[in-house]
Amino acid sequence: MHEIFENKVAWNERLWRYFTIERFIALMDSSSVYFAAATQFEDNFEGAVSVQSPEYKIDPRYAQMKHIEKAFFELKRLTKISCWHRANYESDAMWKLYAQAKKGIAICTTPEKMKNAFQPFRLKPEYQPETIYAGPVQYTDLTKTRLNLSLLERFFYKHMAFSWEQEFRLSISLRIAEEFGVNVPTNGINVSADIDTLIERIILGPSLASDEKEKICELAKNHGMDNKIEISTLLYSPRYI
């Protein structure tokens, strides 16, 4: 695993990932992490180096639109990404957004644990392994600038409107593989990982039903990870005096 920007990764920083129950079970049973294609994200600005106002017929930054614009858009299909949340504490907003209104699971890890957990990814066993790049997303006002970035770096920048996400990313570019005629999946890929090394803590969503909690606890026990189970702090008792 390589840093996308030199000296930007805090290797012991706490990272979070919020899952639905189904996706958490898939993570555990497959011992792999899903890297989605950038085309699968709802953010239409993925990979953009600027954003253009509809009020201007000719944006001064784009007096002449380059013919390679479509080729850059194709990078989204060839770039596979795993997104994580940078925070010291769990987030009520993240529970609501990514874990079925608090009915899911969250896991904690660090970049150091990721580096030690992920296995080499190959599109086919006989191919060379692809490089995993990692780093915190940089947020900037894309209405006022046009970034000059490499083909991969652009996926580690986002429009300032998304800064609340405080995102850390892992990314694999399969552009070179396709240039050599390799059949690249349209959607995401599964990257093998030692999940015991990867996962530091497993937090049960505050709105999980009792039978769902039992199911997750049994699953963790089967993987020798029941000692990593915790309940959400949102289930702690409030005190007023």
# chains A, B, ... in the order shown; residues from 1 in each chain; ligands from 1
call {"tool": "residues_around", "arguments": {"residues": "A:Thr186", "least_positions_apart": "6", "cutoff": "8 Å", "atoms": "only C-alpha atoms", "output": "list in words"}}
result
Ala37, Arg77 and Leu78 of chain A
call {"tool": "residues_around", "arguments": {"residues": "stretch 22-24 of chain A", "least_positions_apart": "4", "cutoff": "9 Å", "atoms": "only C-alpha atoms", "output": "list in words"}}
result
Tyr18, Met28, Asp29, Gly104, Ile105, Ala106 and Ile216 of chain A
call {"tool": "select_by_dssp", "arguments": {"residues": "stretch 2-201 of chain A", "states": "strand (DSSP E or B)", "output": "VMD selection string"}}
result
chain A and resid 2 to 3 15 to 19 32 to 37 79 to 86 105 to 109 118 121 130 133 to 136 138 to 140 157 to 159 167 to 173 189 to 193 201
call {"tool": "write_last_selection", "arguments": {"atoms": "N, CA and C atoms", "output": "short mmCIF file (atom, residue, chain, number, x, y, z; two decimals), in the first residue's frame"}}
result
data_model
loop_
_atom_site.label_atom_id
_atom_site.label_comp_id
_atom_site.auth_asym_id
_atom_site.auth_seq_id
_atom_site.Cartn_x
_atom_site.Cartn_y
_atom_site.Cartn_z
N HIS A 2 0.62 2.16 -0.95
CA HIS A 2 1.47 3.33 -1.11
C HIS A 2 0.68 4.61 -0.84
N GLU A 3 1.36 5.60 -0.29
CA GLU A 3 0.73 6.91 -0.08
C GLU A 3 0.56 7.62 -1.42
N LEU A 15 -9.93 5.10 11.64
CA LEU A 15 -10.80 5.14 10.48
C LEU A 15 -12.03 4.28 10.74
N TRP A 16 -13.16 4.72 10.20
CA TRP A 16 -14.42 4.03 10.39
C TRP A 16 -15.04 3.64 9.05
N ARG A 17 -15.76 2.52 9.08
CA ARG A 17 -16.57 2.12 7.92
C ARG A 17 -17.91 1.62 8.47
N TYR A 18 -18.99 2.17 7.93
CA TYR A 18 -20.34 1.83 8.37
C TYR A 18 -21.00 0.94 7.31
N PHE A 19 -21.61 -0.15 7.77
CA PHE A 19 -22.16 -1.16 6.86
C PHE A 19 -23.61 -1.48 7.18
N SER A 32 -12.76 -10.16 2.29
CA SER A 32 -12.36 -9.21 1.25
C SER A 32 -13.14 -7.92 1.42
N VAL A 33 -12.53 -6.83 0.94
CA VAL A 33 -13.15 -5.51 0.99
C VAL A 33 -13.54 -5.10 -0.42
N TYR A 34 -14.75 -4.59 -0.56
CA TYR A 34 -15.25 -4.19 -1.87
C TYR A 34 -14.74 -2.81 -2.23
N PHE A 35 -14.11 -2.68 -3.39
CA PHE A 35 -13.67 -1.41 -3.95
C PHE A 35 -14.63 -1.08 -5.09
N ALA A 36 -15.45 -0.07 -4.92
CA ALA A 36 -16.44 0.30 -5.93
C ALA A 36 -15.78 1.08 -7.07
N ALA A 37 -16.33 0.95 -8.27
CA ALA A 37 -15.90 1.81 -9.37
C ALA A 37 -16.39 3.22 -9.07
N THR A 79 -11.22 3.19 -12.14
CA THR A 79 -10.68 3.51 -10.82
C THR A 79 -11.59 2.91 -9.76
N LYS A 80 -11.04 2.01 -8.95
CA LYS A 80 -11.81 1.31 -7.91
C LYS A 80 -11.42 1.87 -6.54
N ILE A 81 -12.42 2.17 -5.72
CA ILE A 81 -12.19 2.95 -4.51
C ILE A 81 -12.90 2.34 -3.31
N SER A 82 -12.22 2.37 -2.17
CA SER A 82 -12.81 2.01 -0.88
C SER A 82 -12.76 3.25 0.01
N CYS A 83 -13.92 3.66 0.53
CA CYS A 83 -14.05 4.91 1.29
C CYS A 83 -14.19 4.64 2.79
N TRP A 84 -13.48 5.45 3.58
CA TRP A 84 -13.50 5.33 5.03
C TRP A 84 -13.67 6.72 5.65
N HIS A 85 -14.14 6.76 6.88
CA HIS A 85 -14.42 8.02 7.57
C HIS A 85 -13.36 8.26 8.64
N ARG A 86 -12.76 9.45 8.59
CA ARG A 86 -11.72 9.82 9.55
C ARG A 86 -12.36 10.48 10.76
N ILE A 105 -23.70 -2.04 11.15
CA ILE A 105 -22.48 -2.34 11.89
C ILE A 105 -21.42 -1.32 11.48
N ALA A 106 -20.57 -0.94 12.41
CA ALA A 106 -19.40 -0.12 12.08
C ALA A 106 -18.15 -0.88 12.51
N ILE A 107 -17.08 -0.68 11.76
CA ILE A 107 -15.79 -1.23 12.17
C ILE A 107 -14.77 -0.11 12.23
N CYS A 108 -13.77 -0.30 13.06
CA CYS A 108 -12.67 0.65 13.19
C CYS A 108 -11.37 -0.02 12.76
N THR A 109 -10.50 0.78 12.16
CA THR A 109 -9.18 0.31 11.78
C THR A 109 -8.23 1.49 11.76
N PHE A 118 -4.15 -6.02 3.84
CA PHE A 118 -4.52 -6.27 2.45
C PHE A 118 -3.53 -7.17 1.73
N PHE A 121 -3.59 -7.72 -4.98
CA PHE A 121 -4.74 -7.91 -5.86
C PHE A 121 -4.28 -8.09 -7.30
N GLU A 130 -1.68 -5.33 -8.58
CA GLU A 130 -1.97 -3.91 -8.75
C GLU A 130 -1.61 -3.16 -7.46
N TYR A 133 -3.27 2.51 -3.56
CA TYR A 133 -2.85 3.83 -3.10
C TYR A 133 -3.78 4.29 -1.98
N ALA A 134 -3.24 5.02 -1.03
CA ALA A 134 -4.02 5.42 0.14
C ALA A 134 -3.73 6.87 0.51
N GLY A 135 -4.73 7.51 1.08
CA GLY A 135 -4.51 8.87 1.57
C GLY A 135 -5.80 9.56 1.93
N PRO A 136 -5.70 10.62 2.73
CA PRO A 136 -6.87 11.42 3.06
C PRO A 136 -7.30 12.26 1.85
N GLN A 138 -8.44 15.42 -0.12
CA GLN A 138 -8.20 16.86 -0.01
C GLN A 138 -9.43 17.59 -0.56
N TYR A 139 -9.96 18.55 0.20
CA TYR A 139 -11.16 19.26 -0.21
C TYR A 139 -10.81 20.67 -0.66
N THR A 140 -11.38 21.08 -1.81
CA THR A 140 -11.08 22.40 -2.35
C THR A 140 -12.30 22.95 -3.08
N TYR A 157 -9.11 14.20 -4.52
CA TYR A 157 -9.59 15.56 -4.33
C TYR A 157 -11.10 15.58 -4.51
N LYS A 158 -11.79 16.39 -3.70
CA LYS A 158 -13.23 16.51 -3.84
C LYS A 158 -13.64 17.96 -3.66
N HIS A 159 -14.81 18.26 -4.19
CA HIS A 159 -15.38 19.60 -4.05
C HIS A 159 -15.65 19.89 -2.57
N GLU A 167 -13.06 12.14 4.48
CA GLU A 167 -12.86 10.81 3.89
C GLU A 167 -11.38 10.43 3.76
N PHE A 168 -11.14 9.16 3.98
CA PHE A 168 -9.85 8.51 3.70
C PHE A 168 -10.13 7.47 2.63
N ARG A 169 -9.26 7.41 1.63
CA ARG A 169 -9.53 6.51 0.51
C ARG A 169 -8.39 5.53 0.26
N LEU A 170 -8.82 4.38 -0.23
CA LEU A 170 -7.92 3.42 -0.86
C LEU A 170 -8.34 3.33 -2.32
N SER A 171 -7.40 3.26 -3.22
CA SER A 171 -7.75 3.25 -4.64
C SER A 171 -6.81 2.36 -5.43
N ILE A 172 -7.39 1.69 -6.42
CA ILE A 172 -6.63 0.89 -7.38
C ILE A 172 -7.01 1.35 -8.77
N SER A 173 -6.02 1.74 -9.57
CA SER A 173 -6.27 2.13 -10.96
C SER A 173 -5.99 0.95 -11.88
N ILE A 189 -14.51 -4.33 -7.45
CA ILE A 189 -13.68 -5.52 -7.29
C ILE A 189 -13.59 -5.85 -5.80
N ASN A 190 -13.33 -7.10 -5.49
CA ASN A 190 -13.13 -7.52 -4.10
C ASN A 190 -11.64 -7.77 -3.87
N VAL A 191 -11.10 -7.09 -2.87
CA VAL A 191 -9.68 -7.20 -2.55
C VAL A 191 -9.52 -7.97 -1.25
N SER A 192 -8.80 -9.08 -1.31
CA SER A 192 -8.64 -9.96 -0.14
C SER A 192 -7.88 -9.26 0.98
N ALA A 193 -8.29 -9.58 2.21
CA ALA A 193 -7.63 -8.99 3.38
C ALA A 193 -7.73 -9.95 4.55
N ARG A 201 -12.07 -2.93 15.97
CA ARG A 201 -13.28 -2.96 16.78
C ARG A 201 -14.49 -3.18 15.88
#
call {"tool": "residues_around", "arguments": {"residues": "stretch 44-49 of chain A", "least_positions_apart": "3", "cutoff": "6 Å", "atoms": "only C-alpha atoms", "output": "ChimeraX atom specification"}}
result
/A:146-147,154-155
call {"tool": "atom_distance", "arguments": {"atom1": "atom CA of A:Ala10", "atom2": "atom CA of A:Leu151"}}
result
23.5 Å
call {"tool": "residues_around", "arguments": {"residues": "A:Ala101", "least_positions_apart": "3", "cutoff": "12 Å", "atoms": "only C-alpha atoms", "output": "VMD selection string"}}
result
chain A and resid 18 to 21 91 to 98 104 to 105 205 to 208
